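Listing of data.txt; format and content: compact mmCIF, C-alpha atoms.
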# COMPACT_ATOMS: atom_id res chain seq x y z
CA MET A 1 -37.68 -1.48 2.91
CA ASP A 2 -35.66 -4.38 1.58
CA GLN A 3 -31.94 -4.49 0.81
CA HIS A 4 -32.47 -4.27 -2.95
CA THR A 5 -34.59 -1.11 -2.73
CA ILE A 6 -32.30 0.64 -0.27
CA LYS A 7 -29.24 -0.30 -2.29
CA SER A 8 -30.83 0.99 -5.52
CA ARG A 9 -31.56 4.33 -3.88
CA PHE A 10 -28.05 4.43 -2.49
CA LEU A 11 -26.46 3.87 -5.91
CA GLU A 12 -28.76 6.47 -7.49
CA THR A 13 -27.52 8.91 -4.86
CA TYR A 14 -23.97 7.98 -5.74
CA ASP A 15 -24.58 8.58 -9.45
CA ARG A 16 -26.03 11.99 -8.70
CA TYR A 17 -23.58 13.27 -6.09
CA ALA A 18 -20.25 11.55 -6.78
CA ASP A 19 -18.83 14.35 -8.93
CA PRO A 20 -20.18 17.27 -6.87
CA LEU A 21 -18.81 15.72 -3.68
CA TYR A 22 -15.48 15.03 -5.33
CA ARG A 23 -15.27 18.67 -6.42
CA PHE A 24 -16.16 19.76 -2.90
CA CYS A 25 -13.49 17.58 -1.34
CA PHE A 26 -10.95 18.65 -3.93
CA MET A 27 -11.64 22.32 -3.32
CA LYS A 28 -11.21 21.75 0.39
CA THR A 29 -8.03 19.67 0.24
CA SER A 30 -6.38 20.57 -3.11
CA ASN A 31 -5.49 16.88 -3.45
CA ALA A 32 -7.11 14.72 -6.14
CA ASP A 33 -6.28 11.31 -4.61
CA LEU A 34 -7.40 12.40 -1.17
CA ALA A 35 -10.58 13.89 -2.62
CA GLU A 36 -11.30 10.50 -4.18
CA ASP A 37 -10.75 8.67 -0.89
CA LEU A 38 -12.88 11.14 1.03
CA THR A 39 -15.67 10.89 -1.55
CA GLN A 40 -15.79 7.14 -1.13
CA GLU A 41 -15.75 7.49 2.64
CA VAL A 42 -18.71 9.88 2.46
CA PHE A 43 -20.80 7.32 0.62
CA MET A 44 -19.76 4.51 2.92
CA ARG A 45 -21.00 6.55 5.86
CA LEU A 46 -24.17 7.37 4.00
CA TRP A 47 -24.77 3.66 3.45
CA GLN A 48 -24.34 2.96 7.16
CA LYS A 49 -27.09 5.47 7.90
CA MET A 50 -29.36 4.16 5.18
CA ARG A 51 -28.96 0.52 6.24
CA GLU A 52 -29.82 1.43 9.83
CA GLY A 53 -33.06 2.96 8.61
CA VAL A 54 -32.17 6.53 9.67
CA ASN A 55 -34.79 8.96 8.35
CA ILE A 56 -32.79 11.22 6.02
CA GLN A 57 -34.79 14.36 5.32
CA ASN A 58 -32.17 16.22 3.32
CA GLU A 59 -29.76 13.88 1.56
CA GLN A 60 -27.78 16.71 -0.01
CA ALA A 61 -27.18 18.52 3.27
CA LEU A 62 -26.23 15.24 4.96
CA LEU A 63 -23.68 14.34 2.28
CA TYR A 64 -21.96 17.72 2.46
CA THR A 65 -21.99 17.67 6.25
CA ILE A 66 -20.30 14.26 6.26
CA ALA A 67 -17.79 15.50 3.67
CA ARG A 68 -17.03 18.64 5.66
CA ASN A 69 -16.51 16.64 8.86
CA LEU A 70 -14.19 14.23 7.11
CA VAL A 71 -12.15 17.12 5.73
CA ILE A 72 -11.93 18.66 9.21
CA ASP A 73 -10.71 15.32 10.57
CA TRP A 74 -8.13 15.14 7.82
CA TYR A 75 -6.85 18.65 8.53
CA ARG A 76 -6.47 17.76 12.16
CA LYS A 77 -4.37 14.72 11.34
CA LYS A 78 -2.35 15.74 8.33
CA LYS A 79 -0.41 18.75 7.11
CA GLU A 80 -1.79 20.64 4.13
CA GLN A 81 0.04 19.85 0.87
CA SER A 82 1.60 22.71 -1.04
CA LEU A 83 0.71 23.58 -4.59
CA ASP A 84 4.23 22.63 -5.67
CA VAL A 85 3.76 19.08 -4.43
CA LEU A 86 0.49 18.83 -6.33
CA LEU A 87 2.06 20.09 -9.51
CA GLU A 88 4.91 17.62 -9.07
CA LYS A 89 2.51 14.70 -8.67
CA GLY A 90 0.34 15.76 -11.58
CA ILE A 91 -3.43 15.63 -11.54
CA ASP A 92 -5.58 13.68 -13.92
CA PHE A 93 -8.79 15.41 -14.93
CA VAL A 94 -11.61 14.60 -17.29
CA GLY A 95 -11.25 16.70 -20.39
CA GLU A 96 -12.23 16.41 -24.01
CA GLY A 97 -10.16 13.78 -25.79
CA LYS A 98 -6.56 13.88 -24.67
CA LYS A 99 -6.14 17.58 -23.93
CA GLU A 100 -4.07 16.74 -20.88
CA THR A 101 -1.70 19.66 -21.28
CA VAL A 102 -4.54 22.18 -21.55
CA ALA A 103 -6.46 20.53 -18.71
CA PHE A 104 -3.35 20.55 -16.56
CA ALA A 105 -2.76 24.22 -17.24
CA GLU A 106 -6.38 24.94 -16.34
CA VAL A 107 -5.97 23.03 -13.11
CA GLU A 108 -2.89 25.04 -12.29
CA GLU A 109 -4.91 28.20 -12.78
CA ILE A 110 -7.84 26.90 -10.75
CA LEU A 111 -5.61 25.88 -7.88
CA GLY A 112 -3.79 29.20 -8.06
CA VAL A 113 -7.07 31.01 -7.42
CA VAL A 114 -8.39 28.44 -4.95
CA GLU A 115 -5.24 28.67 -2.84
CA GLU A 116 -5.79 32.40 -2.37
CA LEU A 117 -9.44 32.13 -1.40
CA ASP A 118 -10.63 31.63 2.15
CA GLU A 119 -12.55 28.50 3.10
CA PRO A 120 -16.11 29.95 3.09
CA SER A 121 -15.53 31.63 -0.30
CA ARG A 122 -14.32 28.38 -1.86
CA GLU A 123 -17.34 26.57 -0.56
CA VAL A 124 -20.03 29.00 -1.68
CA LEU A 125 -18.48 29.51 -5.14
CA LEU A 126 -18.46 25.80 -5.77
CA LEU A 127 -21.94 25.15 -4.44
CA ARG A 128 -23.56 28.15 -6.11
CA PHE A 129 -21.92 28.35 -9.52
CA VAL A 130 -20.69 24.84 -10.17
CA GLU A 131 -23.35 22.70 -8.48
CA GLY A 132 -26.11 25.25 -9.03
CA TYR A 133 -27.56 25.21 -5.51
CA SER A 134 -29.74 28.08 -4.39
CA PRO A 135 -28.66 30.28 -1.44
CA GLN A 136 -31.33 28.50 0.65
CA GLU A 137 -29.90 25.08 -0.19
CA ILE A 138 -26.37 26.29 0.49
CA ALA A 139 -27.53 27.71 3.82
CA GLN A 140 -28.77 24.25 4.81
CA VAL A 141 -25.48 22.65 3.79
CA CYS A 142 -23.34 25.26 5.56
CA GLY A 143 -25.53 25.58 8.60
CA THR A 144 -26.24 29.28 8.17
CA ASN A 145 -28.99 31.48 6.69
CA ALA A 146 -29.70 32.43 3.07
CA ASN A 147 -28.84 36.12 3.56
CA ALA A 148 -25.42 35.31 4.94
CA VAL A 149 -24.84 32.97 2.00
CA SER A 150 -25.79 35.67 -0.54
CA VAL A 151 -23.35 38.11 1.05
CA ARG A 152 -20.64 35.48 1.04
CA ILE A 153 -21.26 34.73 -2.65
CA ASN A 154 -20.89 38.35 -3.67
CA ARG A 155 -17.69 38.75 -1.66
CA ALA A 156 -16.29 35.52 -3.14
CA ILE A 157 -16.92 36.74 -6.70
CA LYS A 158 -15.18 40.01 -5.91
CA LYS A 159 -12.19 38.15 -4.46
CA VAL A 160 -11.86 35.92 -7.53
CA GLN A 161 -12.00 38.99 -9.78
CA ASP A 162 -9.33 40.67 -7.67
CA ILE A 163 -7.10 37.59 -7.92
CA ILE A 164 -7.58 37.14 -11.66
CA ARG A 165 -7.35 40.87 -12.53
CA PRO A 166 -5.26 42.51 -9.86
CA HIS A 167 -4.50 45.46 -12.15
CA GLU A 168 -8.20 46.42 -12.11
CA LYS A 169 -8.36 46.84 -8.32
CA MET B 1 -4.13 34.53 -16.13
CA LYS B 2 -4.89 37.17 -18.72
CA ASN B 3 -8.37 38.09 -19.90
CA ASN B 4 -10.05 35.62 -17.56
CA THR B 5 -13.19 36.45 -15.75
CA HIS B 6 -14.62 34.73 -12.72
CA GLU B 7 -17.09 32.99 -15.06
CA LYS B 8 -14.26 31.27 -16.88
CA PHE B 9 -12.79 30.22 -13.56
CA ILE B 10 -16.10 28.73 -12.55
CA GLU B 11 -16.43 26.98 -15.91
CA SER B 12 -13.00 25.46 -15.33
CA LEU B 13 -14.15 24.24 -11.93
CA LYS B 14 -16.93 22.30 -13.63
CA ASN B 15 -14.26 20.23 -15.39
CA VAL B 16 -13.10 18.92 -12.04
CA LYS B 17 -14.62 15.44 -11.99
CA LEU B 18 -13.81 11.91 -11.00
CA ARG B 19 -11.93 10.01 -13.70
CA GLU B 20 -14.29 7.62 -15.45
CA GLU B 21 -12.41 4.50 -14.34
CA ALA B 22 -12.31 5.82 -10.76
CA ARG B 23 -16.03 6.49 -10.82
CA ILE B 24 -16.83 2.98 -12.11
CA ARG B 25 -14.45 1.33 -9.64
CA MET B 26 -15.82 3.32 -6.71
CA ARG B 27 -19.38 2.40 -7.64
CA ALA B 28 -18.49 -1.29 -7.78
CA GLU B 29 -16.71 -1.13 -4.43
CA LEU B 30 -19.61 0.70 -2.79
CA SER B 31 -22.00 -1.87 -4.21
CA SER B 32 -19.89 -4.65 -2.66
CA TYR B 33 -19.75 -2.69 0.58
CA ALA B 34 -23.54 -2.46 0.62
CA ASP B 35 -23.82 -6.21 0.02
CA TYR B 36 -21.33 -6.95 2.77
CA TYR B 37 -23.24 -4.77 5.26
CA PRO B 38 -26.85 -5.45 4.33
CA ALA B 39 -29.71 -3.28 5.51
CA ALA B 40 -30.78 -4.07 9.08
CA ASP B 41 -34.43 -4.50 8.07
CA SER B 42 -33.61 -7.04 5.37
CA MET B 43 -31.71 -9.16 7.90
CA GLN B 44 -34.70 -9.27 10.21
CA ALA B 45 -37.25 -9.94 7.47
CA PRO B 46 -38.27 -13.58 7.07
CA SER B 47 -36.08 -15.03 4.36
CA PRO B 48 -34.69 -18.46 3.59
CA PHE B 49 -31.19 -17.00 3.92
CA GLY B 50 -31.64 -14.09 6.31
CA SER B 51 -30.90 -15.93 9.54
CA VAL B 52 -28.69 -18.67 8.16
CA ARG B 53 -25.59 -17.44 9.93
CA THR B 54 -27.36 -17.42 13.29
CA TYR B 55 -28.92 -20.89 13.05
CA VAL B 56 -26.35 -22.82 11.08
CA GLY B 57 -24.01 -23.41 14.01
CA ARG B 58 -26.70 -24.79 16.24
CA PHE B 59 -28.61 -26.77 13.66
CA SER B 60 -25.84 -27.89 11.38
CA TYR B 61 -27.25 -31.43 11.27
CA VAL B 62 -30.55 -30.00 10.00
CA PHE B 63 -28.73 -28.23 7.22
CA ALA B 64 -26.78 -31.35 6.44
CA ALA B 65 -30.06 -33.21 5.97
CA LEU B 66 -31.45 -30.33 3.95
CA PHE B 67 -28.36 -30.44 1.78
CA LEU B 68 -28.90 -34.15 1.07
CA VAL B 69 -32.57 -33.64 0.22
CA VAL B 70 -31.90 -30.73 -2.09
CA ALA B 71 -28.69 -32.25 -3.50
CA SER B 72 -30.32 -33.19 -6.79
CA SER B 73 -31.48 -29.63 -7.35
CA GLY B 74 -29.79 -27.56 -10.06
CA ILE B 75 -29.69 -24.58 -7.72
CA VAL B 76 -27.18 -26.39 -5.54
CA LEU B 77 -24.90 -27.01 -8.50
CA ALA B 78 -25.17 -23.41 -9.67
CA ALA B 79 -24.52 -22.10 -6.16
CA HIS B 80 -21.59 -24.51 -5.71
CA ASN B 81 -19.90 -22.98 -8.75
CA ALA B 82 -20.78 -19.40 -7.84
CA LEU B 83 -18.00 -16.83 -7.58
CA PRO B 84 -17.77 -13.62 -5.52
CA GLY B 85 -20.08 -11.08 -7.10
CA ASP B 86 -22.60 -13.70 -8.28
CA SER B 87 -26.08 -13.56 -6.83
CA LEU B 88 -25.86 -17.21 -5.66
CA TYR B 89 -22.52 -16.71 -3.90
CA PRO B 90 -24.08 -15.94 -0.49
CA ILE B 91 -25.95 -19.28 -0.74
CA LYS B 92 -22.66 -21.05 -1.29
CA THR B 93 -20.87 -19.48 1.68
CA ALA B 94 -23.75 -19.21 4.15
CA LEU B 95 -25.62 -22.43 3.41
CA LEU B 96 -23.80 -24.98 1.28
CA GLU B 97 -20.36 -24.75 2.87
CA PRO B 98 -21.56 -25.00 6.49
CA ALA B 99 -23.69 -28.00 5.45
CA GLU B 100 -20.66 -29.51 3.72
CA GLN B 101 -18.57 -29.04 6.86
CA ALA B 102 -21.21 -30.83 8.93
CA LEU B 103 -20.98 -33.85 6.61
CA LYS B 104 -17.18 -33.95 6.32
CA GLU B 105 -14.95 -35.36 9.01
CA GLN B 106 -12.61 -32.40 9.03
CA THR B 107 -11.44 -30.46 12.03
CA THR B 108 -12.36 -26.79 12.28
CA ILE B 109 -8.78 -25.74 11.69
CA ASP B 110 -8.41 -27.92 8.57
CA TRP B 111 -11.77 -26.76 7.25
CA SER B 112 -10.75 -23.13 7.68
CA VAL B 113 -7.60 -23.81 5.61
CA THR B 114 -9.77 -25.50 2.94
CA LEU B 115 -11.93 -22.38 2.79
CA VAL B 116 -8.87 -20.14 2.26
CA GLN B 117 -7.84 -22.38 -0.63
CA ARG B 118 -11.31 -22.03 -2.12
CA ARG B 119 -11.43 -18.28 -1.71
CA LEU B 120 -8.05 -17.89 -3.42
CA THR B 121 -9.07 -20.22 -6.26
CA GLU B 122 -12.27 -18.21 -6.73
CA ALA B 123 -10.23 -15.00 -6.90
CA ASP B 124 -8.04 -16.60 -9.60
CA LYS B 125 -11.10 -17.62 -11.61
CA ILE B 126 -12.45 -14.08 -11.54
CA ALA B 127 -9.09 -12.66 -12.64
CA SER B 128 -8.83 -15.16 -15.50
CA THR B 129 -12.07 -13.96 -17.14
CA THR B 130 -11.87 -11.59 -20.12
CA LYS B 131 -13.33 -8.71 -18.14
CA PRO B 132 -12.88 -9.32 -14.41
CA SER B 133 -15.79 -7.85 -12.52
CA PRO B 134 -14.66 -5.05 -10.14
CA LYS B 135 -17.44 -6.07 -7.77
CA GLY B 136 -16.31 -9.68 -7.90
CA GLU B 137 -12.68 -8.74 -7.27
CA ALA B 138 -13.62 -6.49 -4.37
CA GLN B 139 -15.75 -9.24 -2.81
CA ALA B 140 -13.04 -11.80 -3.44
CA ALA B 141 -10.55 -9.59 -1.59
CA VAL B 142 -12.87 -9.34 1.40
CA ALA B 143 -13.61 -13.08 1.31
CA VAL B 144 -9.91 -14.04 1.25
CA ALA B 145 -9.06 -11.63 4.07
CA ASP B 146 -11.92 -12.98 6.22
CA ALA B 147 -11.01 -16.61 5.54
CA ALA B 148 -7.33 -15.97 6.33
CA GLN B 149 -8.21 -14.21 9.57
CA LYS B 150 -10.30 -17.21 10.62
CA VAL B 151 -7.36 -19.53 9.99
CA GLU B 152 -5.04 -17.29 12.01
CA LYS B 153 -7.56 -17.26 14.83
CA ASN B 154 -7.83 -21.07 14.72
CA LEU B 155 -4.02 -21.36 14.68
CA ASP B 156 -3.77 -19.27 17.82
CA THR B 157 -3.63 -22.39 19.99
CA PRO B 158 -0.91 -24.26 21.90
CA PRO B 159 1.57 -26.09 19.63
CA SER B 160 0.41 -29.48 18.45
CA PRO B 161 0.92 -31.79 15.46
CA ALA B 162 -2.47 -30.70 14.11
CA ARG B 163 -1.52 -27.06 14.37
CA THR B 164 1.83 -27.65 12.66
CA LYS B 165 0.16 -29.57 9.83
CA ALA B 166 -2.47 -26.85 9.36
CA THR B 167 0.16 -24.09 9.48
CA ASN B 168 2.20 -25.84 6.78
CA ALA B 169 -0.91 -26.34 4.61
CA PHE B 170 -1.89 -22.68 5.08
CA ASN B 171 1.60 -21.40 4.21
CA GLU B 172 1.77 -23.67 1.17
CA THR B 173 -1.58 -22.38 -0.05
CA LEU B 174 -0.49 -18.78 0.36
CA SER B 175 2.83 -19.44 -1.38
CA LYS B 176 1.06 -20.97 -4.39
CA HIS B 177 -1.19 -17.90 -4.59
CA GLU B 178 1.43 -15.23 -4.00
CA ARG B 179 0.45 -13.33 -7.14
CA THR B 180 -3.22 -13.57 -6.26
CA LEU B 181 -2.49 -12.02 -2.87
CA ALA B 182 -0.54 -9.21 -4.54
CA ARG B 183 -3.42 -8.48 -6.89
CA LEU B 184 -6.09 -8.58 -4.19
CA THR B 185 -3.98 -6.32 -1.97
CA ALA B 186 -3.87 -3.80 -4.81
CA VAL B 187 -7.65 -4.08 -5.31
CA ALA B 188 -8.32 -3.51 -1.60
CA SER B 189 -5.74 -0.73 -1.35
CA THR B 190 -7.37 1.32 -4.08
CA SER B 191 -10.59 1.29 -2.15
CA ALA B 192 -11.33 2.66 1.28
CA ALA B 193 -11.47 -0.87 2.67
CA THR B 194 -8.44 -0.19 4.79
CA GLY B 195 -9.09 -3.13 7.12
CA THR B 196 -9.13 -5.63 4.26
CA ALA B 197 -6.13 -3.97 2.61
CA ALA B 198 -4.13 -4.17 5.84
CA VAL B 199 -4.88 -7.90 6.31
CA LEU B 200 -4.02 -8.75 2.70
CA ASP B 201 -0.90 -6.59 2.73
CA LYS B 202 0.42 -8.41 5.81
CA LEU B 203 -0.37 -11.82 4.25
CA PHE B 204 1.36 -10.90 0.99
CA THR B 205 4.43 -9.43 2.71
CA GLU B 206 4.90 -12.52 4.89
CA THR B 207 4.27 -14.91 2.00
CA HIS B 208 6.65 -13.05 -0.29
CA ALA B 209 9.38 -13.10 2.35
CA ARG B 210 8.85 -16.82 2.95
CA VAL B 211 8.88 -17.66 -0.77
CA LYS B 212 12.02 -15.59 -1.29
CA LYS B 213 13.74 -17.28 1.64
CA GLU B 214 12.77 -20.74 0.41
CA SER B 215 13.88 -19.87 -3.10
CA SER B 216 17.31 -18.63 -1.98
CA ALA B 217 17.71 -21.68 0.27
CA GLU B 218 16.94 -23.90 -2.71
CA THR B 219 19.40 -21.98 -4.91
CA SER B 220 22.03 -22.39 -2.23
CA ARG B 221 21.31 -26.14 -2.03
CA ASP B 222 21.49 -26.42 -5.83
CA ARG B 223 24.86 -24.63 -5.82
CA SER B 224 26.15 -26.99 -3.13
CA ARG B 225 24.99 -30.01 -5.12
CA THR B 226 26.61 -28.64 -8.29
CA GLN B 227 29.86 -28.01 -6.40
CA GLU B 228 29.70 -31.48 -4.94
CA HIS B 229 29.06 -33.00 -8.36
CA LYS B 230 32.00 -31.08 -9.83
CA SER B 231 34.24 -32.22 -6.98
CA ILE B 232 33.25 -35.82 -7.59
CA GLN B 233 33.98 -35.41 -11.31
CA ILE B 234 37.42 -33.98 -10.54
CA ILE B 235 38.19 -36.79 -8.10
CA ASN B 236 37.03 -39.40 -10.62
CA SER B 237 39.05 -37.84 -13.43
CA ASP B 238 42.13 -37.68 -11.17
CA SER B 239 41.80 -41.32 -10.26
CA ASP B 240 41.26 -42.23 -13.94
CA ASP B 241 44.48 -40.37 -14.81
CA ARG B 242 46.41 -42.23 -12.12
CA SER B 243 45.10 -45.61 -13.15
CA GLY B 244 45.86 -44.72 -16.79
CA LYS B 245 49.48 -43.83 -15.89
CA ARG B 246 49.93 -47.05 -13.92
CA SER B 247 48.81 -49.13 -16.86
CA GLU B 248 51.36 -47.36 -19.01
In structure tokens, what does this structure look like?
Amino acid sequence: MDQHTIKSRFLETYDRYADPLYRFCFMKTSNADLAEDLTQEVFMRLWQKMREGVNIQNEQALLYTIARNLVIDWYRKKKEQSLDVLLEKGIDFVGEGKKETVAFAEVEEILGVVEELDEPSREVLLLRFVEGYSPQEIAQVCGTNANAVSVRINRAIKKVQDIIRPHEK
Amino acid sequence: MKNNTHEKFIESLKNVKLREEARIRMRAELSSYADYYPAADSMQAPSPFGSVRTYVGRFSYVFAALFLVVASSGIVLAAHNALPGDSLYPIKTALLEPAEQALKEQTTIDWSVTLVQRRLTEADKIASTTKPSPKGEAQAAVAVADAAQKVEKNLDTPPSPARTKATNAFNETLSKHERTLARLTAVASTSAATGTAAVLDKLFTETHARVKKESSAETSRDRSRTQEHKSIQIINSDSDDRSGKRSE
């Protein structure tokens, strides 16, 4: 396959997975700038595999595996930033028009819930309900089986409900 | 968070996206990255340009002759004026410039300084367009960093008049393009091209320090000259007064 064809496929993959991967990295690190850097790094590593002619059977699983490994590396090297630091820095999100104040408040709420969730819950919630992956697809990404994923999803929903409505426990 | 369900939380999560300008910039940088590290198969495939880098060194005289034969072609002119990000740019750097070097009587060290000057001028041309291409700027940053590293490698030799001359020419070039270096450092820093960003950052920091030092030395010299001029004026006016008094 020539450079032009491989590069076209690569950029198509970018167009499709840039936002989902960014969300994934953001959920994992709670840091928008870092999530951006990690997202770019994921695609750079994907390109290295594609240019070497590696046979990629499941692009989606590969991308999330690379992203997860990069996040693990980051956690090993750096300290986790607190929510206060994030709020101080401010986070820019895509919203409708210039609803920055509303978007910022939403982010604060999202992060408030995310901070209280455990790692596996964050992951499955994002992949199932935001990216729309099936339990089978999530199982491939997470390296587990579909049943375990389904159980994790249900527990994650319950946890979010408990966080949002503690008075209904 | 009152009256929120987990569905609303999930809906909010969907709003977490890359900013549009970040998405466009990242795409351009990844595209440049893919061009810089081409697919292994495409490098091995028979192509007029695929193996240029490998053969040019050994057969530079062949390419010099080829350059002369093709010199009347419009492609050469178009490639000669190509900028980073243009499709003909690889022809310029991988074919035309090595052929040009073979024809010129310039030492390797001087030629490497010439190439840095060209790379910086190209970066300026891209920046001066109405809508600078992110891909072009990213490639220009890489090209300048590579060219500068080659010069530094060539300058890593025992002191000699040639080395001193080349060092001065290199420093002068960098000083003239201080702002360009600052801009390219910012372009590289916003991407994950940490290697390029580090090289450009070092170049800019050293250039800025040198320019500042030269500027303050010049200011100091100007002040001394002004003081000297004032002193001369005072002496002259004193002597005029004395000669005026004598005549009275």
- Message: Using Å and a single decimal, report how far atom CA of Lys7 of chain A sits from atom CA of Ser31 of chain B.
- Response: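 Computed distance, atom CA of Ser31 of chain B to atom CA of Lys7 of chain A, equals 7.7 Å.
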So that I can see what lies close to Gln60 of chain A, please list as an mmCIF file with C-alpha atoms, in the frame of the given file the residues with an atom at most 10 Å from it, counting all atoms listed in the file and leaving out residues fewer than 6 positions away in the same chain.
data_model
loop_
_atom_site.group_PDB
_atom_site.id
_atom_site.type_symbol
_atom_site.label_atom_id
_atom_site.label_comp_id
_atom_site.auth_asym_id
_atom_site.auth_seq_id
_atom_site.Cartn_x
_atom_site.Cartn_y
_atom_site.Cartn_z
ATOM 1 C CA THR A 13 -27.520 8.910 -4.860
ATOM 2 C CA TYR A 17 -23.580 13.270 -6.090
ATOM 3 C CA LEU A 21 -18.810 15.720 -3.680
ATOM 4 C CA GLU A 137 -29.900 25.080 -0.190
ATOM 5 C CA ILE A 138 -26.370 26.290 0.490
ATOM 6 C CA GLN A 140 -28.770 24.250 4.810
ATOM 7 C CA VAL A 141 -25.480 22.650 3.790
#
- By how many Å are atom CA of Thr185 of chain B and atom CA of Gly85 of chain B apart? 17.6 Å
- What separation in Å, quoted to one decimal, exists between atom CA of Asn69 of chain A and atom CA of Phe43 of chain A? 13.2 Å
- Message: Please determine, counting all atoms listed in the file, which residue among A:Lys49, A:Lys77, A:Arg152, A:Arg68 has the shortest atom-to-atom distance to chain B.
- Response: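 Ranking A:Lys49, A:Lys77, A:Arg152, A:Arg68 by distance to chain B, first place goes to A:Lys49.
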- Item | Nearest candidate to Pro20 of chain A (options A:Val114, A:Ala67, A:Ile163, A:Ile72; using only C-alpha atoms) |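 That would be A:Ala67, the residue with the smallest distance to Pro20 of chain A.
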- Using all atoms listed in the file, pick whichever of A:Arg128, A:Lys159, A:Arg16, A:Arg9 has the shortest atom-to-atom distance to Met50 of chain A. A:Arg9
- Residues within 10 Å of segment 120-123 of chain A, only C-alpha atoms, excluding chain neighbours under 4 positions, as a list in words: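 Counting only the stated atoms, we get Phe24, Cys25, Met27, Lys28, Val113, Val114, Glu115, Glu116, Leu127, Arg128, Ile138, Cys142, Val149, Arg152, Ile153, Asn154, Arg155, Ala156, Ile157, Lys159 and Val160 of chain A.
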Interface rows for chain A against chain B: nearest pair, Å to one decimal, 7 Å, only C-alpha atoms, as a tab-separated table:
residue	atom	partner	partner_atom	distance
A:Met1	CA	B:Asp41	CA	6.8
A:Asp2	CA	B:Ser42	CA	5.1
A:Gln3	CA	B:Ala39	CA	5.3
A:Lys7	CA	B:Ala34	CA	6.8
A:Asp19	CA	B:Lys17	CA	5.3
A:Tyr22	CA	B:Leu18	CA	6.7
A:Arg23	CA	B:Val16	CA	6.0
A:Asp37	CA	B:Ala192	CA	6.4
A:Gln40	CA	B:Met26	CA	6.8
A:Glu41	CA	B:Ala192	CA	6.7
A:Met44	CA	B:Leu30	CA	6.9
A:Trp47	CA	B:Ala34	CA	6.9
A:Arg51	CA	B:Ala39	CA	3.9
A:Glu52	CA	B:Ala40	CA	5.6
A:Phe93	CA	B:Val16	CA	6.3
A:Val94	CA	B:Arg19	CA	5.8
A:Gly95	CA	B:Asn15	CA	6.8
A:Glu106	CA	B:Ser12	CA	6.7
A:Ile110	CA	B:Phe9	CA	6.6
A:Phe129	CA	B:Ile10	CA	6.6
A:Val130	CA	B:Lys14	CA	5.7
A:Ile157	CA	B:His6	CA	6.8
A:Val160	CA	B:His6	CA	6.0
A:Gln161	CA	B:His6	CA	5.8
A:Ile164	CA	B:Met1	CA	6.2
- Message: Could you check the closest approach to Leu174 of chain B for each of B:Leu155, B:Leu120, B:Ala197, B:Ala186 and tell me which residue wins, using only C-alpha atoms?
- Response: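 Going through B:Leu155, B:Leu120, B:Ala197, B:Ala186 one by one, the smallest distance to Leu174 of chain B is for B:Leu120.
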- Query: Residues at most 12 Å from segment 178-181 of chain B, counting all atoms listed in the file, excluding those fewer than 5 positions away in the same chain, as a PyMOL selection string?
  - Reply: chain B and resi 116-117+119-128+137+140-145+148+171-173+186-189+196-212
- Query: Which one of B:Asn81, B:Asn154, B:Ser87, B:Thr93 sits closest to Asp110 of chain B if you count all atoms listed in the file?
  - Reply: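 Ranked by minimum distance to Asp110 of chain B, first place goes to B:Asn154.
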